[in-house]
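Engineer: Enclosed is the structure file target_32.json (JSON, C-alpha atoms and all ligand atoms).
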[["chain", "number", "residue", "atom", "x", "y", "z"],
["C", 1, "MET", "CA", 0.00, 0.00, 0.00],
["C", 2, "GLY", "CA", 2.79, 2.38, 1.01],
["C", 3, "ARG", "CA", 4.56, 1.63, -2.25],
["C", 4, "LEU", "CA", 1.42, 2.25, -4.28],
["C", 5, "GLN", "CA", 0.91, 5.57, -2.56],
["C", 6, "ALA", "CA", 4.52, 6.53, -3.24],
["C", 7, "ASN", "CA", 4.11, 5.70, -6.93],
["C", 8, "LEU", "CA", 0.93, 7.71, -7.20],
["C", 9, "ALA", "CA", 2.59, 10.70, -5.56],
["C", 10, "GLU", "CA", 5.59, 10.67, -7.89],
["C", 11, "PRO", "CA", 5.33, 13.03, -10.86],
["C", 12, "ARG", "CA", 5.91, 11.35, -14.21],
["C", 13, "MET", "CA", 9.47, 12.19, -15.29],
["C", 14, "PRO", "CA", 10.05, 12.90, -18.98],
["C", 15, "SER", "CA", 12.58, 10.53, -20.51],
["C", 16, "PRO", "CA", 15.44, 11.80, -22.71],
["C", 17, "ASP", "CA", 15.16, 8.49, -24.65],
["C", 18, "PHE", "CA", 12.12, 9.97, -26.31],
["C", 19, "ALA", "CA", 12.55, 12.85, -28.73],
["C", 20, "LEU", "CA", 8.93, 13.66, -28.00],
["C", 21, "ASP", "CA", 6.84, 12.60, -25.04],
["C", 22, "ILE", "CA", 3.29, 13.96, -24.88],
["C", 23, "SER", "CA", 0.90, 13.06, -22.08],
["C", 24, "GLY", "CA", -2.67, 14.09, -21.33],
["C", 25, "LEU", "CA", -2.52, 16.88, -23.92],
["C", 26, "ARG", "CA", -5.71, 18.88, -24.43],
["C", 27, "LYS", "CA", -6.67, 21.89, -26.51],
["C", 28, "SER", "CA", -10.07, 23.39, -27.26],
["C", 29, "PHE", "CA", -11.05, 26.26, -29.49],
["C", 30, "ASP", "CA", -14.83, 26.50, -29.89],
["C", 31, "ARG", "CA", -14.81, 22.71, -29.34],
["C", 32, "PRO", "CA", -12.23, 20.16, -28.13],
["C", 33, "VAL", "CA", -9.64, 19.71, -30.86],
["C", 34, "VAL", "CA", -6.97, 17.68, -29.02],
["C", 35, "ILE", "CA", -8.27, 15.24, -26.43],
["C", 36, "ASP", "CA", -6.13, 13.51, -23.78],
["C", 37, "LEU", "CA", -3.39, 12.82, -26.28],
["C", 38, "GLU", "CA", -0.59, 10.40, -25.39],
["C", 39, "LEU", "CA", 2.19, 10.23, -27.98],
["C", 40, "LYS", "CA", 5.79, 9.12, -27.82],
["C", 41, "VAL", "CA", 8.38, 9.35, -30.57],
["C", 42, "LYS", "CA", 11.74, 7.67, -30.08],
["C", 43, "ALA", "CA", 14.99, 9.54, -30.62],
["C", 44, "GLY", "CA", 16.23, 9.06, -34.19],
["C", 45, "GLU", "CA", 12.86, 7.94, -35.50],
["C", 46, "PHE", "CA", 11.08, 9.07, -38.67],
["C", 47, "TYR", "CA", 7.46, 9.39, -37.59],
["C", 48, "ALA", "CA", 4.51, 10.32, -39.82],
["C", 49, "LEU", "CA", 1.37, 11.81, -38.37],
["C", 50, "LEU", "CA", -1.65, 11.13, -40.55],
["C", 51, "GLY", "CA", -5.28, 12.08, -40.20],
["C", 52, "PRO", "CA", -8.20, 13.54, -42.10],
["C", 53, "ASN", "CA", -8.60, 17.31, -42.54],
["C", 54, "GLY", "CA", -9.34, 19.01, -39.24],
["C", 55, "ALA", "CA", -8.22, 16.00, -37.15],
["C", 56, "GLY", "CA", -5.94, 18.18, -35.00],
["C", 57, "LYS", "CA", -2.48, 17.37, -36.40],
["C", 58, "THR", "CA", -1.31, 20.96, -36.90],
["C", 59, "THR", "CA", -2.70, 21.99, -33.52],
["C", 60, "ILE", "CA", -0.70, 19.21, -31.83],
["C", 61, "LEU", "CA", 2.51, 20.12, -33.61],
["C", 62, "ARG", "CA", 2.08, 23.86, -32.97],
["C", 63, "MET", "CA", 1.87, 23.07, -29.25],
["C", 64, "VAL", "CA", 5.04, 20.96, -29.50],
["C", 65, "ALA", "CA", 6.83, 23.81, -31.28],
["C", 66, "GLY", "CA", 5.75, 26.23, -28.54],
["C", 67, "LEU", "CA", 3.51, 28.30, -30.83],
["C", 68, "LEU", "CA", 0.29, 27.46, -29.03],
["C", 69, "LYS", "CA", -0.37, 26.96, -25.32],
["C", 70, "PRO", "CA", -1.98, 23.67, -24.30],
["C", 71, "ASP", "CA", -5.06, 23.75, -22.03],
["C", 72, "ALA", "CA", -3.70, 20.75, -20.13],
["C", 73, "GLY", "CA", -1.06, 18.04, -20.34],
["C", 74, "ALA", "CA", 2.69, 17.88, -20.66],
["C", 75, "ILE", "CA", 5.09, 17.92, -23.60],
["C", 76, "SER", "CA", 8.76, 17.13, -23.37],
["C", 77, "VAL", "CA", 11.41, 17.07, -26.07],
["C", 78, "TYR", "CA", 14.49, 15.01, -25.27],
["C", 79, "GLY", "CA", 13.49, 15.19, -21.62],
["C", 80, "ILE", "CA", 13.02, 18.98, -21.58],
["C", 81, "ASP", "CA", 9.58, 20.10, -20.40],
["C", 82, "THR", "CA", 8.41, 22.64, -23.02],
["C", 83, "ALA", "CA", 6.30, 24.54, -20.46],
["C", 84, "LYS", "CA", 9.06, 24.76, -17.83],
["C", 85, "ASP", "CA", 11.97, 25.49, -20.14],
["C", 86, "PRO", "CA", 10.59, 26.75, -23.47],
["C", 87, "ILE", "CA", 13.83, 28.35, -24.62],
["C", 88, "ALA", "CA", 15.90, 25.19, -24.13],
["C", 89, "ALA", "CA", 13.19, 23.17, -25.88],
["C", 90, "LYS", "CA", 12.97, 25.58, -28.83],
["C", 91, "SER", "CA", 16.75, 25.53, -29.24],
["C", 92, "ILE", "CA", 16.65, 21.85, -30.24],
["C", 93, "VAL", "CA", 13.43, 21.89, -32.26],
["C", 94, "ALA", "CA", 12.80, 23.01, -35.83],
["C", 95, "TRP", "CA", 9.30, 23.88, -36.99],
["C", 96, "VAL", "CA", 8.53, 24.00, -40.69],
["C", 97, "SER", "CA", 5.04, 25.26, -41.39],
["C", 98, "ASP", "CA", 3.08, 24.59, -44.55],
["C", 99, "GLU", "CA", 2.94, 28.37, -45.02],
["C", 100, "PRO", "CA", 6.56, 29.42, -45.49],
["C", 101, "MET", "CA", 7.51, 32.79, -43.99],
["C", 102, "VAL", "CA", 10.67, 34.20, -45.51],
["C", 103, "TYR", "CA", 11.78, 37.83, -45.86],
["C", 104, "ASP", "CA", 11.08, 38.96, -49.43],
["C", 105, "ARG", "CA", 13.97, 41.40, -49.59],
["C", 106, "LEU", "CA", 16.65, 38.89, -48.60],
["C", 107, "THR", "CA", 18.36, 36.34, -50.81],
["C", 108, "PRO", "CA", 18.38, 32.71, -49.54],
["C", 109, "LEU", "CA", 22.00, 33.12, -48.43],
["C", 110, "GLU", "CA", 21.26, 36.37, -46.59],
["C", 111, "TYR", "CA", 18.16, 34.83, -44.99],
["C", 112, "LEU", "CA", 20.08, 31.78, -43.75],
["C", 113, "GLU", "CA", 22.90, 33.92, -42.37],
["C", 114, "PHE", "CA", 20.30, 36.16, -40.69],
["C", 115, "VAL", "CA", 18.63, 33.14, -39.04],
["C", 116, "ALA", "CA", 22.05, 31.79, -38.02],
["C", 117, "GLY", "CA", 22.73, 35.18, -36.42],
["C", 118, "LEU", "CA", 19.53, 34.90, -34.37],
["C", 119, "TRP", "CA", 20.83, 31.57, -33.07],
["C", 120, "ARG", "CA", 24.19, 33.24, -32.35],
["C", 121, "ILE", "CA", 26.04, 30.86, -34.61],
["C", 122, "GLU", "CA", 29.57, 32.10, -35.28],
["C", 123, "ALA", "CA", 29.84, 33.88, -38.70],
["C", 124, "ARG", "CA", 32.17, 31.41, -40.45],
["C", 125, "GLU", "CA", 30.19, 28.41, -39.27],
["C", 126, "ALA", "CA", 26.96, 30.19, -40.32],
["C", 127, "GLU", "CA", 28.35, 30.73, -43.80],
["C", 128, "ARG", "CA", 29.47, 27.09, -44.09],
["C", 129, "GLN", "CA", 26.17, 25.76, -42.82],
["C", 130, "SER", "CA", 24.13, 28.09, -45.06],
["C", 131, "ASN", "CA", 26.06, 27.10, -48.17],
["C", 132, "GLU", "CA", 25.70, 23.41, -47.35],
["C", 133, "LEU", "CA", 21.92, 23.77, -47.00],
["C", 134, "ILE", "CA", 21.70, 25.82, -50.22],
["C", 135, "ASP", "CA", 23.48, 23.01, -52.10],
["C", 136, "TRP", "CA", 21.50, 20.21, -50.41],
["C", 137, "LEU", "CA", 18.20, 21.78, -51.41],
["C", 138, "GLY", "CA", 19.24, 22.71, -54.97],
["C", 139, "LEU", "CA", 18.96, 26.45, -54.28],
["C", 140, "ARG", "CA", 22.42, 27.35, -55.59],
["C", 141, "PRO", "CA", 21.22, 28.90, -58.90],
["C", 142, "HIS", "CA", 19.00, 31.25, -56.88],
["C", 143, "ALA", "CA", 21.26, 31.77, -53.85],
["C", 144, "ASN", "CA", 21.80, 35.45, -54.64],
["C", 145, "GLU", "CA", 18.30, 36.33, -55.91],
["C", 146, "ARG", "CA", 15.77, 38.02, -53.64],
["C", 147, "CYS", "CA", 13.18, 35.61, -52.21],
["C", 148, "GLY", "CA", 10.38, 38.05, -53.15],
["C", 149, "GLY", "CA", 10.10, 36.58, -56.66],
["C", 150, "PHE", "CA", 10.27, 32.92, -55.62],
["C", 151, "SER", "CA", 7.58, 30.31, -56.24],
["C", 152, "LYS", "CA", 5.87, 28.68, -53.22],
["C", 153, "GLY", "CA", 7.98, 25.55, -53.66],
["C", 154, "MET", "CA", 11.23, 27.53, -53.63],
["C", 155, "LEU", "CA", 10.09, 29.49, -50.58],
["C", 156, "GLN", "CA", 9.28, 26.20, -48.87],
["C", 157, "LYS", "CA", 12.83, 24.99, -49.46],
["C", 158, "VAL", "CA", 14.30, 28.27, -48.16],
["C", 159, "ALA", "CA", 12.08, 28.01, -45.06],
["C", 160, "LEU", "CA", 13.20, 24.40, -44.52],
["C", 161, "ALA", "CA", 16.85, 25.43, -44.84],
["C", 162, "GLY", "CA", 16.22, 28.24, -42.32],
["C", 163, "ALA", "CA", 14.71, 25.76, -39.87],
["C", 164, "LEU", "CA", 17.78, 23.51, -40.11],
["C", 165, "VAL", "CA", 20.45, 26.18, -39.62],
["C", 166, "HIS", "CA", 20.76, 25.62, -35.86],
["C", 167, "ASN", "CA", 21.17, 21.85, -36.24],
["C", 168, "PRO", "CA", 17.96, 20.87, -34.44],
["C", 169, "ARG", "CA", 17.61, 17.40, -32.88],
["C", 170, "LEU", "CA", 13.89, 17.25, -33.61],
["C", 171, "ILE", "CA", 12.51, 18.45, -36.95],
["C", 172, "ILE", "CA", 8.76, 18.92, -37.17],
["C", 173, "LEU", "CA", 7.27, 19.49, -40.59],
["C", 174, "ASP", "CA", 3.67, 20.25, -41.47],
["C", 175, "GLU", "CA", 2.91, 19.02, -44.99],
["C", 176, "PRO", "CA", 6.44, 19.68, -46.26],
["C", 177, "LEU", "CA", 5.92, 18.25, -49.73],
["C", 178, "THR", "CA", 2.70, 19.99, -50.73],
["C", 179, "GLY", "CA", 3.22, 22.10, -53.83],
["C", 180, "LEU", "CA", 6.73, 20.82, -54.53],
["C", 181, "ASP", "CA", 7.57, 19.47, -57.97],
["C", 182, "ALA", "CA", 9.01, 15.96, -58.20],
["C", 183, "GLY", "CA", 12.63, 17.16, -58.17],
["C", 184, "SER", "CA", 12.17, 19.47, -55.19],
["C", 185, "ALA", "CA", 10.20, 16.81, -53.29],
["C", 186, "ARG", "CA", 13.09, 14.39, -53.86],
["C", 187, "GLN", "CA", 15.60, 16.97, -52.55],
["C", 188, "VAL", "CA", 13.55, 17.56, -49.40],
["C", 189, "LYS", "CA", 13.05, 13.81, -48.82],
["C", 190, "ASP", "CA", 16.79, 13.22, -49.29],
["C", 191, "VAL", "CA", 17.67, 15.94, -46.78],
["C", 192, "LEU", "CA", 15.26, 14.44, -44.24],
["C", 193, "LYS", "CA", 16.63, 10.94, -44.81],
["C", 194, "GLN", "CA", 20.18, 12.21, -44.29],
["C", 195, "LYS", "CA", 19.11, 13.94, -41.09],
["C", 196, "VAL", "CA", 17.53, 10.75, -39.76],
["C", 197, "ALA", "CA", 20.64, 8.77, -40.75],
["C", 198, "ALA", "CA", 22.63, 11.27, -38.65],
["C", 199, "GLY", "CA", 20.45, 10.54, -35.61],
["C", 200, "VAL", "CA", 18.00, 13.46, -35.87],
["C", 201, "THR", "CA", 14.29, 12.80, -35.21],
["C", 202, "VAL", "CA", 11.76, 13.78, -37.87],
["C", 203, "ILE", "CA", 8.02, 14.10, -37.33],
["C", 204, "MET", "CA", 5.90, 15.10, -40.25],
["C", 205, "THR", "CA", 2.27, 15.36, -41.21],
["C", 206, "THR", "CA", 1.35, 14.40, -44.72],
["C", 207, "HIS", "CA", -1.69, 13.62, -46.80],
["C", 208, "ILE", "CA", 0.58, 11.87, -49.30],
["C", 209, "LEU", "CA", 0.23, 8.38, -47.86],
["C", 210, "GLU", "CA", 2.80, 6.94, -50.23],
["C", 211, "VAL", "CA", 5.42, 9.21, -48.64],
["C", 212, "ALA", "CA", 4.51, 8.01, -45.15],
["C", 213, "GLU", "CA", 4.52, 4.42, -46.37],
["C", 214, "ARG", "CA", 7.97, 4.74, -47.92],
["C", 215, "MET", "CA", 9.73, 6.99, -45.45],
["C", 216, "ALA", "CA", 8.27, 6.62, -41.97],
["C", 217, "GLU", "CA", 9.43, 4.01, -39.49],
["C", 218, "ARG", "CA", 6.25, 4.48, -37.49],
["C", 219, "ILE", "CA", 2.94, 6.04, -38.34],
["C", 220, "GLY", "CA", 0.36, 7.58, -36.01],
["C", 221, "VAL", "CA", -3.22, 8.18, -37.11],
["C", 222, "ILE", "CA", -5.09, 11.09, -35.51],
["C", 223, "ASN", "CA", -8.84, 11.42, -35.73],
["C", 224, "HIS", "CA", -11.05, 13.85, -33.79],
["C", 225, "GLY", "CA", -8.04, 14.91, -31.70],
["C", 226, "ARG", "CA", -7.14, 11.40, -30.54],
["C", 227, "LEU", "CA", -4.43, 8.95, -31.54],
["C", 228, "VAL", "CA", -6.59, 6.16, -32.96],
["C", 229, "ALA", "CA", -3.83, 3.87, -34.24],
["C", 230, "GLU", "CA", -0.07, 3.71, -34.24],
["C", 231, "GLY", "CA", 2.67, 1.39, -35.39],
["C", 232, "THR", "CA", 4.87, 0.30, -38.23],
["C", 233, "LEU", "CA", 3.15, -0.37, -41.52],
["C", 234, "ALA", "CA", 3.28, -4.10, -40.73],
["C", 235, "GLU", "CA", 1.68, -3.53, -37.32],
["C", 236, "LEU", "CA", -1.09, -1.40, -38.81],
["C", 237, "ARG", "CA", -1.72, -4.06, -41.45],
["C", 238, "ALA", "CA", -1.92, -6.72, -38.75],
["C", 239, "ARG", "CA", -4.40, -4.55, -36.88],
["C", 240, "ILE", "CA", -6.88, -4.42, -39.73],
["C", 241, "GLY", "CA", -6.06, -8.01, -40.70],
["C", 242, "ARG", "CA", -5.29, -7.45, -44.39],
["C", 243, "GLU", "CA", -2.13, -7.26, -46.46],
["C", 244, "THR", "CA", -2.85, -3.94, -48.13],
["C", 245, "THR", "CA", -1.66, -0.39, -48.82],
["C", 246, "LEU", "CA", -1.42, 2.36, -46.22],
["C", 247, "GLU", "CA", -4.21, 4.17, -48.06],
["C", 248, "GLU", "CA", -6.58, 1.24, -47.49],
["C", 249, "ILE", "CA", -5.48, 0.93, -43.85],
["C", 250, "PHE", "CA", -5.93, 4.67, -43.29],
["C", 251, "LEU", "CA", -9.41, 4.78, -44.84],
["C", 252, "ASP", "CA", -10.40, 1.67, -42.90],
["C", 253, "LEU", "CA", -9.19, 3.06, -39.55],
["C", 254, "VAL", "CA", -10.78, 6.45, -40.10],
["C", 255, "ALA", "CA", -14.09, 4.86, -41.19],
["C", 256, "GLN", "CA", -14.08, 2.59, -38.09],
["C", 257, "LYS", "CA", -13.54, 5.61, -35.83],
["C", 258, "GLU", "CA", -16.21, 7.66, -37.62],
["C", 259, "ALA", "CA", -18.65, 4.82, -36.89],
["C", 260, "ASP", "CA", -17.57, 4.73, -33.19],
["C", 261, "PHE", "CA", -17.83, 8.52, -33.01],
["C", 262, "ALA", "CA", -21.33, 8.52, -34.55],
["C", 263, "ALA", "CA", -22.40, 5.78, -32.10],
["C", 264, "VAL", "CA", -21.46, 7.85, -29.02],
["C", 265, "ALA", "CA", -22.61, 11.23, -30.39],
["O", 301, "LIG", "N1", -6.62, 29.17, -34.07],
["O", 301, "LIG", "C1", -7.74, 28.46, -34.21],
["O", 301, "LIG", "N2", -8.94, 28.96, -33.82],
["O", 301, "LIG", "C2", -10.08, 28.24, -33.94],
["O", 301, "LIG", "N3", -10.11, 26.98, -34.43],
["O", 301, "LIG", "C3", -8.96, 26.45, -34.84],
["O", 301, "LIG", "C4", -7.71, 27.15, -34.74],
["O", 301, "LIG", "N4", -6.72, 26.34, -35.20],
["O", 301, "LIG", "C5", -7.33, 25.20, -35.57],
["O", 301, "LIG", "N5", -8.65, 25.26, -35.35],
["O", 301, "LIG", "C6", -9.63, 24.19, -35.63],
["O", 301, "LIG", "O1", -9.14, 23.02, -35.01],
["O", 301, "LIG", "C7", -9.43, 21.88, -35.81],
["O", 301, "LIG", "C8", -8.17, 21.10, -36.08],
["O", 301, "LIG", "O2", -7.35, 21.89, -36.96],
["O", 301, "LIG", "P1", -5.90, 21.42, -37.39],
["O", 301, "LIG", "O3", -5.37, 22.48, -38.29],
["O", 301, "LIG", "O4", -5.12, 21.06, -36.19],
["O", 301, "LIG", "O5", -6.24, 20.10, -38.21],
["O", 301, "LIG", "P2", -5.31, 19.24, -39.17],
["O", 301, "LIG", "O6", -5.45, 17.81, -38.76],
["O", 301, "LIG", "O7", -3.92, 19.80, -39.21],
["O", 301, "LIG", "O8", -6.04, 19.47, -40.56],
["O", 301, "LIG", "P3", -5.48, 19.54, -42.07],
["O", 301, "LIG", "O9", -5.09, 18.17, -42.45],
["O", 301, "LIG", "O10", -6.68, 20.02, -42.83],
["O", 301, "LIG", "O11", -4.36, 20.54, -42.09],
["O", 301, "LIG", "C9", -10.14, 22.41, -37.07],
["O", 301, "LIG", "O12", -11.53, 22.27, -36.89],
["O", 301, "LIG", "C10", -9.74, 23.88, -37.10],
["O", 301, "LIG", "O13", -10.72, 24.65, -37.72]]
Would it be possible to restate this file's structure as structure tokens?
Structural biologist:
Amino acid sequence: MGRLQANLAEPRMPSPDFALDISGLRKSFDRPVVIDLELKVKAGEFYALLGPNGAGKTTILRMVAGLLKPDAGAISVYGIDTAKDPIAAKSIVAWVSDEPMVYDRLTPLEYLEFVAGLWRIEAREAERQSNELIDWLGLRPHANERCGGFSKGMLQKVALAGALVHNPRLIILDEPLTGLDAGSARQVKDVLKQKVAAGVTVIMTTHILEVAERMAERIGVINHGRLVAEGTLAELRARIGRETTLEEIFLDLVAQKEADFAAVA
């Protein structure tokens, strides 16, 4: 009994083995959008977050990136509580939104060096890092042109490069491949693969199920603000009992949950 009481009294300690550890997370706007969410992503994992439109994916990730305050629950990145130490958490996280924000008047090189300056990265290292990212993402031909005239896809690549300048340990991307042509999508996927190979954790939302199927080690499915299924592709297949594509699994899981949701509503 004494031991049970002691366990109940102990606060749950975030573990640095997890790049992301979310517990009891809640957020409402005019209605609950994220509901008692529990989600763990291992360090060095490539994790895809799927879900229908309006499921709550962006809201979850904005809370992880410190852009939105949760109503309840805890989020830790590599063992750092994002509410208690937001600056330390932000210093190891990159957030890449689906709406790239880049200064029109700067060239990609100037923008990257500006972002590096904000992170107080030493000038020579900033220049090296910026040039490496420019080459990785195929931006070299436009490195000295102002971003103001860039297409959405090019801006997305500049924004991604900007998010990587400080060598984050956790990269969070919201729909990073939307609007990219095949060549640009390949460049972004290659950069992410190289990051994961180097031990960085990547979490991304996507509606392109083929990308999740090919790239992600584990997949989480969000519906109505809850994690309704999670696992490797093989585990998700086993769960619905058919050898099939991720698209079929996804539609099956979402349809099952819609039926459950309708039954309780
Ligand atoms: N700032 C806000 N104010 C009010 N409602 C919001 C706000 N942000 C999100 N929502 C609502 O919360 C719900 C979840 O939105 P969210 O953007 O998290 O979904 P999502 O799963 O990322 O969807 P999608 O795949 O379409 O991008 C939606 O109903 C949305 O309208």
Engineer: Around ligand LIG 301 (chain O), which protein and nucleic acid residues have at least one atom no more than 12 Å from it, if we count all atoms listed in the file? List them as a ChimeraX atom specification.
Structural biologist: /C:26-35,49-63,67-69,97-99,173-176,178,204-208,221-227
Engineer: Go ahead and compute the interatomic distance for CA of Leu251 in chain C and CA of Glu38 in chain C, in Å to one decimal.
Structural biologist: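 That distance, rounded to one decimal, is 22.1 Å.
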Engineer: List the spatial neighbours of Gly44 in chain C as a ChimeraX atom specification - criterion: any atom at most 12 Å away, all atoms listed in the file, same-chain residues fewer than 2 positions off excluded.
Structural biologist: /C:16-20,41-42,46-47,78,168-171,192-203,216-218
Engineer: Could you list as a PyMOL selection string every residue that has an atom within 8 Å of (0.6, 6.3, -47.1), using the file's coordinates and counting all atoms listed in the file?
Structural biologist: chain C and resi 207-214+245-247+250
Engineer: Applying 10 Å and only C-alpha atoms, which residues near Met101 in chain C remain after dropping the ones on its own chain fewer than 2 positions away? List them as a list in words.
Structural biologist: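 Once the adjacent positions are removed, what remains is Val96, Ser97, Asp98, Glu99, Tyr103, Asp104, Leu155, Gln156, Val158, Ala159 and Gly162 of chain C.
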Engineer: Could you please determine the separation between CA of Ala65 in chain C and CA of Ile80 in chain C in Å, to one decimal place?
Structural biologist: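 So the answer is 12.5 Å.
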Engineer: Take CA of Ser184 in chain C and CA of Trp136 in chain C and report the distance between them in Å, one decimal.
Structural biologist: 10.5 Å
Engineer: Check the smallest atom-to-atom distance from each of C:Pro70, C:Pro108, C:Gly183, C:Pro86 to Asn144 in chain C using all atoms listed in the file, then report the winner.
Structural biologist: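 Residue with the minimum atom-to-atom distance to Asn144 in chain C: C:Pro108.
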Engineer: Determine, counting only C-alpha atoms, which protein, DNA and RNA residues have an atom within 10 Å of an atom of Cys147 in chain C; residues of the same chain fewer than 2 positions away are not included. Present the result as a list in words.
Structural biologist: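 Neighbouring residues, sequence-local ones excluded: Val102, Tyr103, Asp104, Arg105, Leu106, Thr107, Pro108, Leu109, Glu110, Tyr111, His142, Ala143, Asn144, Glu145, Gly149, Phe150, Ser151, Met154, Leu155 and Val158 of chain C.
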